[in-house]
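Raw contents of work13.csv, CSV, C-alpha atoms:
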```
chain,number,residue,atom,x,y,z
B,1,MET,CA,-4.1,-2.3,4.4
B,2,LYS,CA,-3.9,-0.8,1.0
B,3,VAL,CA,-1.3,2.0,0.7
B,4,TYR,CA,-0.1,4.2,-2.2
B,5,HIS,CA,3.2,5.9,-3.1
B,6,GLY,CA,3.4,8.7,-5.7
B,7,SER,CA,6.6,8.9,-7.7
B,8,ASP,CA,8.1,9.8,-11.0
B,9,HIS,CA,8.8,6.1,-11.6
B,10,ILE,CA,7.4,2.6,-10.9
B,11,ILE,CA,8.7,1.2,-7.6
B,12,GLU,CA,8.1,-2.5,-7.3
B,13,ALA,CA,10.6,-3.1,-4.5
B,14,PRO,CA,11.0,-0.2,-2.1
B,15,VAL,CA,14.6,0.2,-0.9
B,16,PHE,CA,15.4,0.5,2.8
B,17,ASN,CA,16.9,3.9,3.5
B,18,GLY,CA,16.6,4.8,-0.1
B,19,SER,CA,14.9,8.2,0.5
B,20,LYS,CA,16.2,11.6,1.5
B,21,ARG,CA,17.3,12.0,5.1
B,22,ALA,CA,15.7,15.5,5.2
B,23,ASN,CA,12.1,14.2,4.8
B,24,ASP,CA,9.5,14.8,7.5
B,25,TYR,CA,10.5,11.7,9.5
B,26,GLY,CA,13.9,11.1,8.1
B,27,TYR,CA,14.8,8.0,6.0
B,28,GLY,CA,11.8,5.8,5.1
B,29,PHE,CA,9.3,4.8,2.5
B,30,TYR,CA,6.4,7.3,2.5
B,31,THR,CA,2.9,6.1,1.7
B,32,THR,CA,-0.7,7.1,2.2
B,33,GLN,CA,-4.1,5.4,2.2
B,34,ASN,CA,-5.5,8.2,0.1
B,35,ILE,CA,-4.9,7.4,-3.6
B,36,GLU,CA,-5.9,10.9,-4.7
B,37,LEU,CA,-3.2,12.5,-2.6
B,38,ALA,CA,-0.7,10.0,-3.8
B,39,LYS,CA,-1.5,10.9,-7.4
B,40,GLU,CA,-0.9,14.6,-6.5
B,41,TRP,CA,2.4,13.8,-5.0
B,42,ALA,CA,3.4,11.7,-8.1
B,43,CYS,CA,3.0,14.9,-10.2
B,44,GLY,CA,4.6,17.3,-7.6
B,45,ASP,CA,7.2,18.5,-10.1
B,46,GLY,CA,4.7,19.3,-12.8
B,47,LYS,CA,5.5,16.1,-14.8
B,48,ASP,CA,3.5,12.9,-15.3
B,49,GLY,CA,4.2,10.3,-12.7
B,50,TYR,CA,3.0,7.0,-11.3
B,51,VAL,CA,1.0,5.9,-8.3
B,52,ASN,CA,2.2,2.6,-6.9
B,53,SER,CA,-0.2,0.4,-5.0
B,54,TYR,CA,0.9,-1.9,-2.2
B,55,GLU,CA,-0.5,-4.2,0.5
B,56,LEU,CA,1.0,-3.5,3.9
B,57,ASN,CA,0.6,-6.0,6.8
B,58,LEU,CA,1.1,-4.2,10.1
B,59,LYS,CA,0.9,-7.4,12.2
B,60,GLY,CA,3.9,-7.7,14.4
B,61,LEU,CA,5.1,-4.1,13.7
B,62,LYS,CA,5.6,-1.4,16.3
B,63,VAL,CA,3.6,1.6,15.1
B,64,LEU,CA,3.8,5.2,16.3
B,65,ASP,CA,0.7,7.2,15.5
B,66,LEU,CA,1.5,10.9,16.1
B,67,ASN,CA,-2.1,11.8,15.3
B,68,SER,CA,-3.5,9.7,18.1
B,69,ASP,CA,-4.8,11.3,21.4
B,70,ASP,CA,-1.5,10.3,23.1
B,71,TYR,CA,0.3,13.1,21.3
B,72,ASN,CA,-0.3,16.7,20.4
B,73,ILE,CA,0.8,18.9,17.5
B,74,LEU,CA,4.0,20.0,19.3
B,75,ASN,CA,5.2,16.3,19.3
B,76,TRP,CA,4.7,16.2,15.5
B,77,LEU,CA,6.4,19.6,15.2
B,78,ALA,CA,9.4,18.5,17.3
B,79,VAL,CA,10.0,15.5,15.0
B,80,LEU,CA,9.6,17.8,12.0
B,81,THR,CA,12.2,20.3,13.3
B,82,LYS,CA,14.6,17.4,13.9
B,83,HIS,CA,14.6,16.2,10.2
B,84,ARG,CA,13.5,19.0,7.9
B,85,SER,CA,15.9,21.8,7.0
B,86,TYR,CA,15.4,25.4,5.8
B,87,TRP,CA,13.9,26.7,9.1
B,88,GLN,CA,14.2,30.5,9.7
B,89,SER,CA,17.3,31.8,11.3
B,90,GLY,CA,17.3,34.6,13.8
B,91,SER,CA,14.3,35.8,15.9
B,92,ILE,CA,13.5,33.0,18.4
B,93,ALA,CA,13.4,30.2,15.8
B,94,GLU,CA,16.6,28.5,16.8
B,95,GLU,CA,15.9,28.6,20.5
B,96,ALA,CA,12.3,27.4,19.8
B,97,LYS,CA,13.6,24.4,17.8
B,98,GLU,CA,15.9,23.4,20.7
B,99,TYR,CA,13.1,23.8,23.2
B,100,LEU,CA,10.7,21.7,21.1
B,101,GLN,CA,13.2,18.9,20.6
B,102,LYS,CA,14.2,18.9,24.3
B,103,ASN,CA,10.7,18.8,25.7
B,104,PHE,CA,8.4,17.4,23.0
B,105,TYR,CA,10.5,15.2,20.8
B,106,VAL,CA,9.3,11.6,20.4
B,107,ASP,CA,12.1,9.1,19.9
B,108,ILE,CA,11.0,7.4,16.6
B,109,SER,CA,14.0,5.0,16.5
B,110,PRO,CA,12.2,2.1,18.2
B,111,TYR,CA,9.3,2.1,15.7
B,112,ASP,CA,8.8,0.2,12.5
B,113,VAL,CA,6.1,2.5,11.1
B,114,ILE,CA,5.2,6.1,11.8
B,115,CYS,CA,1.8,7.7,11.0
B,116,GLY,CA,1.5,11.5,11.0
B,117,TYR,CA,0.9,14.6,9.0
B,118,ARG,CA,2.7,15.3,5.7
B,119,ALA,CA,4.3,18.7,5.7
B,120,ASP,CA,3.6,19.9,2.1
B,121,ASP,CA,5.1,23.3,1.2
B,122,SER,CA,2.2,25.3,2.6
B,123,TYR,CA,2.0,23.3,5.8
B,124,PHE,CA,5.8,23.5,6.3
B,125,SER,CA,5.5,27.3,6.0
B,126,PHE,CA,2.7,27.4,8.6
B,127,ALA,CA,5.0,25.4,11.0
B,128,GLN,CA,7.8,27.8,10.3
B,129,ASP,CA,5.6,30.7,11.3
B,130,PHE,CA,4.8,29.2,14.6
B,131,VAL,CA,8.4,28.4,15.4
B,132,ALA,CA,9.4,31.9,14.5
B,133,GLY,CA,6.7,33.3,16.9
B,134,ALA,CA,4.5,34.7,14.2
B,135,ILE,CA,1.3,32.7,14.9
B,136,SER,CA,-0.3,31.2,18.0
B,137,LEU,CA,-0.7,27.5,18.8
B,138,SER,CA,-4.4,27.7,18.1
B,139,LYS,CA,-3.8,29.2,14.6
B,140,LEU,CA,-1.2,26.5,13.9
B,141,SER,CA,-3.7,23.8,14.8
B,142,GLU,CA,-6.3,25.5,12.7
B,143,ALA,CA,-3.9,25.8,9.8
B,144,MET,CA,-3.1,22.1,9.8
B,145,ARG,CA,-6.7,21.4,9.0
B,146,LEU,CA,-6.8,23.5,5.9
B,147,GLY,CA,-6.7,22.0,2.4
B,148,LYS,CA,-7.4,18.4,3.5
B,149,LEU,CA,-3.9,17.7,4.8
B,150,GLY,CA,-2.9,14.2,4.2
B,151,GLU,CA,-1.7,11.6,6.7
B,152,GLN,CA,1.4,9.6,5.9
B,153,ILE,CA,2.3,6.0,6.7
B,154,VAL,CA,6.1,5.8,6.8
B,155,LEU,CA,8.0,2.5,6.8
B,156,LYS,CA,11.1,3.0,8.9
B,157,SER,CA,12.6,-0.5,9.6
B,158,LYS,CA,13.8,-3.4,7.6
B,159,LYS,CA,11.1,-5.4,9.3
B,160,ALA,CA,8.5,-3.0,8.0
B,161,PHE,CA,10.0,-3.2,4.5
B,162,SER,CA,9.5,-7.0,4.6
B,163,LYS,CA,5.8,-6.5,5.2
B,164,ILE,CA,5.0,-4.5,2.1
B,165,LYS,CA,4.0,-6.1,-1.2
B,166,PHE,CA,3.7,-4.4,-4.6
B,167,VAL,CA,0.3,-4.8,-6.3
B,168,GLU,CA,0.3,-2.5,-9.4
B,169,SER,CA,1.2,0.9,-10.7
B,170,GLU,CA,-0.8,3.5,-12.7
B,171,GLN,CA,0.4,6.4,-14.7
B,172,VAL,CA,-0.8,9.8,-13.5
B,173,SER,CA,-1.4,12.9,-15.7
B,174,ALA,CA,0.2,16.1,-14.4
B,175,ASP,CA,-2.3,18.0,-16.4
B,176,VAL,CA,-4.9,16.8,-13.9
B,177,TYR,CA,-3.1,16.1,-10.7
B,178,PHE,CA,-0.5,18.9,-10.6
B,179,GLU,CA,-3.3,21.3,-11.0
B,180,LYS,CA,-5.2,19.6,-8.2
B,181,LYS,CA,-2.2,19.8,-6.0
B,182,THR,CA,-1.5,23.5,-6.7
B,183,ALA,CA,-5.2,24.4,-6.3
B,184,ARG,CA,-5.3,22.6,-2.9
B,185,ASP,CA,-2.2,24.4,-1.8
B,186,ARG,CA,-3.5,27.7,-3.0
B,187,GLU,CA,-6.7,27.3,-1.1
B,188,ALA,CA,-4.9,26.3,2.1
B,189,ARG,CA,-2.7,29.4,1.8
B,190,ARG,CA,-5.7,31.7,1.1
B,191,GLU,CA,-7.5,30.4,4.2
B,192,TYR,CA,-4.4,30.7,6.2
B,193,ARG,CA,-3.9,34.3,5.3
B,194,LYS,CA,-7.5,35.0,6.2
B,195,SER,CA,-7.0,33.3,9.6
B,196,LYS,CA,-3.7,34.9,10.3
B,197,GLY,CA,-5.3,38.4,9.8
B,198,LEU,CA,-7.8,37.8,12.6
B,199,ALA,CA,-7.0,39.1,16.0
B,200,ASP,CA,-5.6,36.7,18.6
B,201,SER,CA,-7.3,36.1,21.9
B,202,VAL,CA,-5.5,37.1,25.1
B,203,ASN,CA,-5.6,33.4,26.0
B,204,ASP,CA,-3.8,32.3,22.8
B,205,ILE,CA,-0.4,30.6,23.4
B,206,PHE,CA,2.7,31.4,21.4
B,207,ILE,CA,6.0,29.6,21.3
B,208,ILE,CA,7.5,32.3,23.5
B,209,ASP,CA,4.8,31.6,26.2
B,210,ILE,CA,5.6,27.9,26.0
B,211,MET,CA,9.3,28.6,26.6
B,212,ARG,CA,8.9,31.3,29.2
B,213,GLU,CA,6.5,29.2,31.3
B,214,GLY,CA,8.5,26.1,30.9
B,215,MET,CA,5.6,24.1,29.5
B,216,LYS,CA,6.1,20.4,29.1
B,217,ASN,CA,4.3,17.7,27.2
B,218,ASP,CA,1.8,17.0,30.0
B,219,ASN,CA,0.6,20.6,30.2
B,220,PRO,CA,-3.3,20.5,29.9
B,221,ARG,CA,-3.2,23.9,28.1
B,222,LEU,CA,-1.5,22.3,25.1
B,223,ARG,CA,-4.3,19.7,24.5
```

Just give me the structure as structure tokens.
Amino acid sequence: MKVYHGSDHIIEAPVFNGSKRANDYGYGFYTTQNIELAKEWACGDGKDGYVNSYELNLKGLKVLDLNSDDYNILNWLAVLTKHRSYWQSGSIAEEAKEYLQKNFYVDISPYDVICGYRADDSYFSFAQDFVAGAISLSKLSEAMRLGKLGEQIVLKSKKAFSKIKFVESEQVSADVYFEKKTARDREARREYRKSKGLADSVNDIFIIDIMREGMKNDNPRLR
């Protein structure tokens, strides 16, 4: 498959464990099949960047797809709470993080490649609100569909790194793509505020309900 990585520099040879540990899925090389999103990510700091193109051969690799029907949004969230920092303190957030990791965490260590949502700033704040008990599970699920959230394909193992081949790079203008990124984020937050202001149903599930009722991964109410 063709995949893309947005960066402030050209990357012809991705380095195993060369990223930050506190990324969505820990160490790894983060790519996407959407070149437009990769261009936005290349200009994330408001400066010109590069979109690097690669060919990735998944044959023989063990792939975890967190967006498949085998998993729900809480599995993704449990992985996120394990790796990302800057979660709220106080309230029920700390207890919620522990509950999610104990009951919904998917062990990613056996996998070569992980596919799942990318938690841009706005989406990370939506996830934080759910963990803090501010929004329901249905509103979190709705929020994750706002702003055309991108899916990441993350290389995690040395074997996966051996399966990626650099094709070319292209310079990306921040004048165009930083504005696209901020506009998409702005629209997602606007729609989120609108949704958050709507009344919840008596049947909506909050993180406190999940913990109090001891809900596990196989609970049909969470699907």

Check the smallest atom-to-atom distance from each of B:Ile35, B:Ile10, B:Ala188, B:Val106 to B:Asp70 using only C-alpha atoms, then report the winner.
->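 For B:Asp70, the nearest of the given residues is B:Val106.
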
For the atom pair atom CA of B:Glu170 and atom CA of B:Gly46, what is the interatomic distance in Å to one decimal place?
->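 Distance between the two atoms: 16.7 Å.
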
Within 10 Å of stretch 151-158 of chain B, which residues of stretch 11-130 of chain B come that close, and what is the closest atom pair and distance in Å for each? Count all atoms listed in the file and give it as JSON lines.
```
{"residue": "B:Pro14", "atom": "CA", "partner": "B:Leu155", "partner_atom": "CA", "distance": 9.8}
{"residue": "B:Val15", "atom": "CA", "partner": "B:Lys158", "partner_atom": "CA", "distance": 9.3}
{"residue": "B:Phe16", "atom": "CA", "partner": "B:Lys158", "partner_atom": "CA", "distance": 6.4}
{"residue": "B:Asn17", "atom": "CA", "partner": "B:Lys156", "partner_atom": "CA", "distance": 8.0}
{"residue": "B:Asp24", "atom": "CA", "partner": "B:Val154", "partner_atom": "CA", "distance": 9.6}
{"residue": "B:Tyr25", "atom": "CA", "partner": "B:Val154", "partner_atom": "CA", "distance": 7.8}
{"residue": "B:Gly26", "atom": "CA", "partner": "B:Lys156", "partner_atom": "CA", "distance": 8.6}
{"residue": "B:Tyr27", "atom": "CA", "partner": "B:Lys156", "partner_atom": "CA", "distance": 6.9}
{"residue": "B:Gly28", "atom": "CA", "partner": "B:Lys156", "partner_atom": "CA", "distance": 4.8}
{"residue": "B:Phe29", "atom": "CA", "partner": "B:Leu155", "partner_atom": "CA", "distance": 5.0}
{"residue": "B:Tyr30", "atom": "CA", "partner": "B:Val154", "partner_atom": "CA", "distance": 4.6}
{"residue": "B:Thr31", "atom": "CA", "partner": "B:Ile153", "partner_atom": "CA", "distance": 5.0}
{"residue": "B:Thr32", "atom": "CA", "partner": "B:Gln152", "partner_atom": "CA", "distance": 4.9}
{"residue": "B:Gln33", "atom": "CA", "partner": "B:Ile153", "partner_atom": "CA", "distance": 7.8}
{"residue": "B:Asn34", "atom": "CA", "partner": "B:Glu151", "partner_atom": "CA", "distance": 8.3}
{"residue": "B:Leu37", "atom": "CA", "partner": "B:Glu151", "partner_atom": "CA", "distance": 9.5}
{"residue": "B:Ala38", "atom": "CA", "partner": "B:Gln152", "partner_atom": "CA", "distance": 9.9}
{"residue": "B:Leu56", "atom": "CA", "partner": "B:Leu155", "partner_atom": "CA", "distance": 9.7}
{"residue": "B:Leu61", "atom": "CA", "partner": "B:Ser157", "partner_atom": "CA", "distance": 9.3}
{"residue": "B:Lys62", "atom": "CA", "partner": "B:Ser157", "partner_atom": "CA", "distance": 9.7}
{"residue": "B:Val63", "atom": "CA", "partner": "B:Leu155", "partner_atom": "CA", "distance": 9.4}
{"residue": "B:Leu64", "atom": "CA", "partner": "B:Ile153", "partner_atom": "CA", "distance": 9.7}
{"residue": "B:Asp65", "atom": "CA", "partner": "B:Ile153", "partner_atom": "CA", "distance": 9.0}
{"residue": "B:Leu66", "atom": "CA", "partner": "B:Glu151", "partner_atom": "CA", "distance": 10.0}
{"residue": "B:Asn67", "atom": "CA", "partner": "B:Glu151", "partner_atom": "CA", "distance": 8.6}
{"residue": "B:Ile108", "atom": "CA", "partner": "B:Lys156", "partner_atom": "CA", "distance": 8.9}
{"residue": "B:Ser109", "atom": "CA", "partner": "B:Lys156", "partner_atom": "CA", "distance": 8.4}
{"residue": "B:Pro110", "atom": "CA", "partner": "B:Ser157", "partner_atom": "CA", "distance": 9.0}
{"residue": "B:Tyr111", "atom": "CA", "partner": "B:Lys156", "partner_atom": "CA", "distance": 7.1}
{"residue": "B:Asp112", "atom": "CA", "partner": "B:Ser157", "partner_atom": "CA", "distance": 4.8}
{"residue": "B:Val113", "atom": "CA", "partner": "B:Leu155", "partner_atom": "CA", "distance": 4.7}
{"residue": "B:Ile114", "atom": "CA", "partner": "B:Val154", "partner_atom": "CA", "distance": 5.1}
{"residue": "B:Cys115", "atom": "CA", "partner": "B:Ile153", "partner_atom": "CA", "distance": 4.7}
{"residue": "B:Gly116", "atom": "CA", "partner": "B:Glu151", "partner_atom": "CA", "distance": 5.4}
{"residue": "B:Tyr117", "atom": "CA", "partner": "B:Glu151", "partner_atom": "CA", "distance": 4.6}
{"residue": "B:Arg118", "atom": "CA", "partner": "B:Glu151", "partner_atom": "CA", "distance": 5.8}
{"residue": "B:Ala119", "atom": "CA", "partner": "B:Glu151", "partner_atom": "CA", "distance": 9.3}
```

Find the distance between atom CA of B:Gly133 and atom CA of B:Ile205 and write it in Å to one decimal.
-> 10.0 Å

Selection near B:Asn75, 7 Å with all atoms listed in the file, sequence-local residues under 4 positions removed, as a PyMOL selection string = chain B and resi 71+79+104-106

Could you check which of B:Lys59, B:Lys139, B:Lys165, B:Lys47 is closest to B:Lys196, using all atoms listed in the file?
->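 Result for the nearest residue to B:Lys196: B:Lys139.
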
Give me, as a compact mmCIF listing (two decimals) with C-alpha atoms, in the coordinates of the input, all polymer residues having an atom no more than 6 Å from B:Glu55, counting only C-alpha atoms and skipping those fewer than 5 positions away in the same chain.
```
# COMPACT_ATOMS: atom_id res chain seq x y z
CA MET B 1 -4.10 -2.30 4.40
CA LYS B 2 -3.90 -0.80 1.00
CA ILE B 164 5.00 -4.50 2.10
CA LYS B 165 4.00 -6.10 -1.20
```

Hey, can you check how far atom CA of B:Phe126 sits from atom CA of B:Ser141?
-> 9.6 Å

Answer as an MDAnalysis selection string, residues within 12 Å of (-2.5, 22.5, 25.6) using all atoms listed in the file | chainID B and resid 71:75 136:138 141 203:207 209:210 215:223

Identify, on the basis of all atoms listed in the file, every residue whose closest approach to B:Glu12 does not exceed 10 Å; exclude the query and any residue fewer than 3 positions from it along the same chain; express the result as a VMD selection string.
-> chain B and resid 9 15 52 to 54 165 to 169

Please determine the residues with any atom at most 8 Å from (7.2, 30.0, 16.7) (coordinates as given in the file, with only C-alpha atoms counting) and report them as a compact mmCIF listing (two decimals) with C-alpha atoms, in the coordinates of the input.
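So point39.txt came out as:
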```
# COMPACT_ATOMS: atom_id res chain seq x y z
CA ILE B 92 13.50 33.00 18.40
CA ALA B 93 13.40 30.20 15.80
CA ALA B 96 12.30 27.40 19.80
CA ALA B 127 5.00 25.40 11.00
CA GLN B 128 7.80 27.80 10.30
CA ASP B 129 5.60 30.70 11.30
CA PHE B 130 4.80 29.20 14.60
CA VAL B 131 8.40 28.40 15.40
CA ALA B 132 9.40 31.90 14.50
CA GLY B 133 6.70 33.30 16.90
CA ALA B 134 4.50 34.70 14.20
CA ILE B 135 1.30 32.70 14.90
CA SER B 136 -0.30 31.20 18.00
CA PHE B 206 2.70 31.40 21.40
CA ILE B 207 6.00 29.60 21.30
CA ILE B 208 7.50 32.30 23.50
```

Compare B:Ala78, B:Ala13, B:Val3, B:Ala183 by their minimum atom-to-atom distance to B:Val51, counting all atoms listed in the file, and give me the closest one.
->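 Among the listed residues, B:Val3 lies closest to B:Val51.
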
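Within the 7 Å cut-off around B:Phe178, using all atoms listed in the file and omitting residues fewer than 6 positions from it on the same chain, the listed residues are Glu40, Cys43, Gly44 and Gly46 of chain B.
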
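With only C-alpha atoms as the atoms that count, the residue of B:Thr182, B:Ser7, B:Lys82, B:Phe124 with the shortest distance to B:Glu98 is B:Lys82.
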
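Minimum atom-to-atom distances from B:His5, B:Lys159, B:Lys97, B:Arg184 to B:Leu80 were compared using all atoms listed in the file, and the lowest value belongs to B:Lys97.
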
For each of B:Ala174, B:Val202, B:Leu77, B:Leu100, take the minimum atom-to-atom distance to B:Gly49, counting all atoms listed in the file, then give the residue where this is smallest.
->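 When distances to B:Gly49 are compared using all atoms listed in the file, the smallest one comes from B:Ala174.
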
With N, CA and C atoms retained, output stretch 166-179 of chain B as a PDB file, in the first residue's frame.
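part.pdb, written as the output of this step:
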```
ATOM      1  N   PHE B 166      11.028   3.948   0.873  1.00  0.00           N
ATOM      2  CA  PHE B 166      10.867   5.362   0.514  1.00  0.00           C
ATOM      3  C   PHE B 166      10.671   5.503  -0.992  1.00  0.00           C
ATOM      4  N   VAL B 167       9.712   6.352  -1.395  1.00  0.00           N
ATOM      5  CA  VAL B 167       9.444   6.596  -2.808  1.00  0.00           C
ATOM      6  C   VAL B 167       9.875   8.005  -3.205  1.00  0.00           C
ATOM      7  N   GLU B 168       9.342   9.006  -2.500  1.00  0.00           N
ATOM      8  CA  GLU B 168       9.656  10.392  -2.845  1.00  0.00           C
ATOM      9  C   GLU B 168       9.192  11.308  -1.719  1.00  0.00           C
ATOM     10  N   SER B 169       9.587  12.568  -1.802  1.00  0.00           N
ATOM     11  CA  SER B 169       9.119  13.574  -0.851  1.00  0.00           C
ATOM     12  C   SER B 169       8.657  14.804  -1.623  1.00  0.00           C
ATOM     13  N   GLU B 170       7.793  15.567  -0.983  1.00  0.00           N
ATOM     14  CA  GLU B 170       7.255  16.782  -1.607  1.00  0.00           C
ATOM     15  C   GLU B 170       7.166  17.867  -0.550  1.00  0.00           C
ATOM     16  N   GLN B 171       7.636  19.062  -0.882  1.00  0.00           N
ATOM     17  CA  GLN B 171       7.547  20.171   0.064  1.00  0.00           C
ATOM     18  C   GLN B 171       6.101  20.644   0.164  1.00  0.00           C
ATOM     19  N   VAL B 172       5.714  21.013   1.371  1.00  0.00           N
ATOM     20  CA  VAL B 172       4.329  21.400   1.649  1.00  0.00           C
ATOM     21  C   VAL B 172       4.315  22.810   2.223  1.00  0.00           C
ATOM     22  N   SER B 173       3.417  23.634   1.718  1.00  0.00           N
ATOM     23  CA  SER B 173       3.331  25.028   2.149  1.00  0.00           C
ATOM     24  C   SER B 173       2.436  25.171   3.376  1.00  0.00           C
ATOM     25  N   ALA B 174       2.973  25.778   4.407  1.00  0.00           N
ATOM     26  CA  ALA B 174       2.187  26.026   5.621  1.00  0.00           C
ATOM     27  C   ALA B 174       1.085  27.051   5.361  1.00  0.00           C
ATOM     28  N   ASP B 175       1.295  27.934   4.409  1.00  0.00           N
ATOM     29  CA  ASP B 175       0.266  28.924   4.090  1.00  0.00           C
ATOM     30  C   ASP B 175      -1.033  28.244   3.679  1.00  0.00           C
ATOM     31  N   VAL B 176      -0.911  27.083   3.074  1.00  0.00           N
ATOM     32  CA  VAL B 176      -2.095  26.335   2.630  1.00  0.00           C
ATOM     33  C   VAL B 176      -2.525  25.314   3.676  1.00  0.00           C
ATOM     34  N   TYR B 177      -1.587  24.474   4.113  1.00  0.00           N
ATOM     35  CA  TYR B 177      -1.975  23.301   4.890  1.00  0.00           C
ATOM     36  C   TYR B 177      -2.059  23.536   6.396  1.00  0.00           C
ATOM     37  N   PHE B 178      -1.355  24.532   6.919  1.00  0.00           N
ATOM     38  CA  PHE B 178      -1.573  24.856   8.325  1.00  0.00           C
ATOM     39  C   PHE B 178      -2.957  25.465   8.499  1.00  0.00           C
ATOM     40  N   GLU B 179      -3.370  26.263   7.522  1.00  0.00           N
ATOM     41  CA  GLU B 179      -4.711  26.844   7.568  1.00  0.00           C
ATOM     42  C   GLU B 179      -5.773  25.761   7.424  1.00  0.00           C
TER      43      GLU B 179
END
```
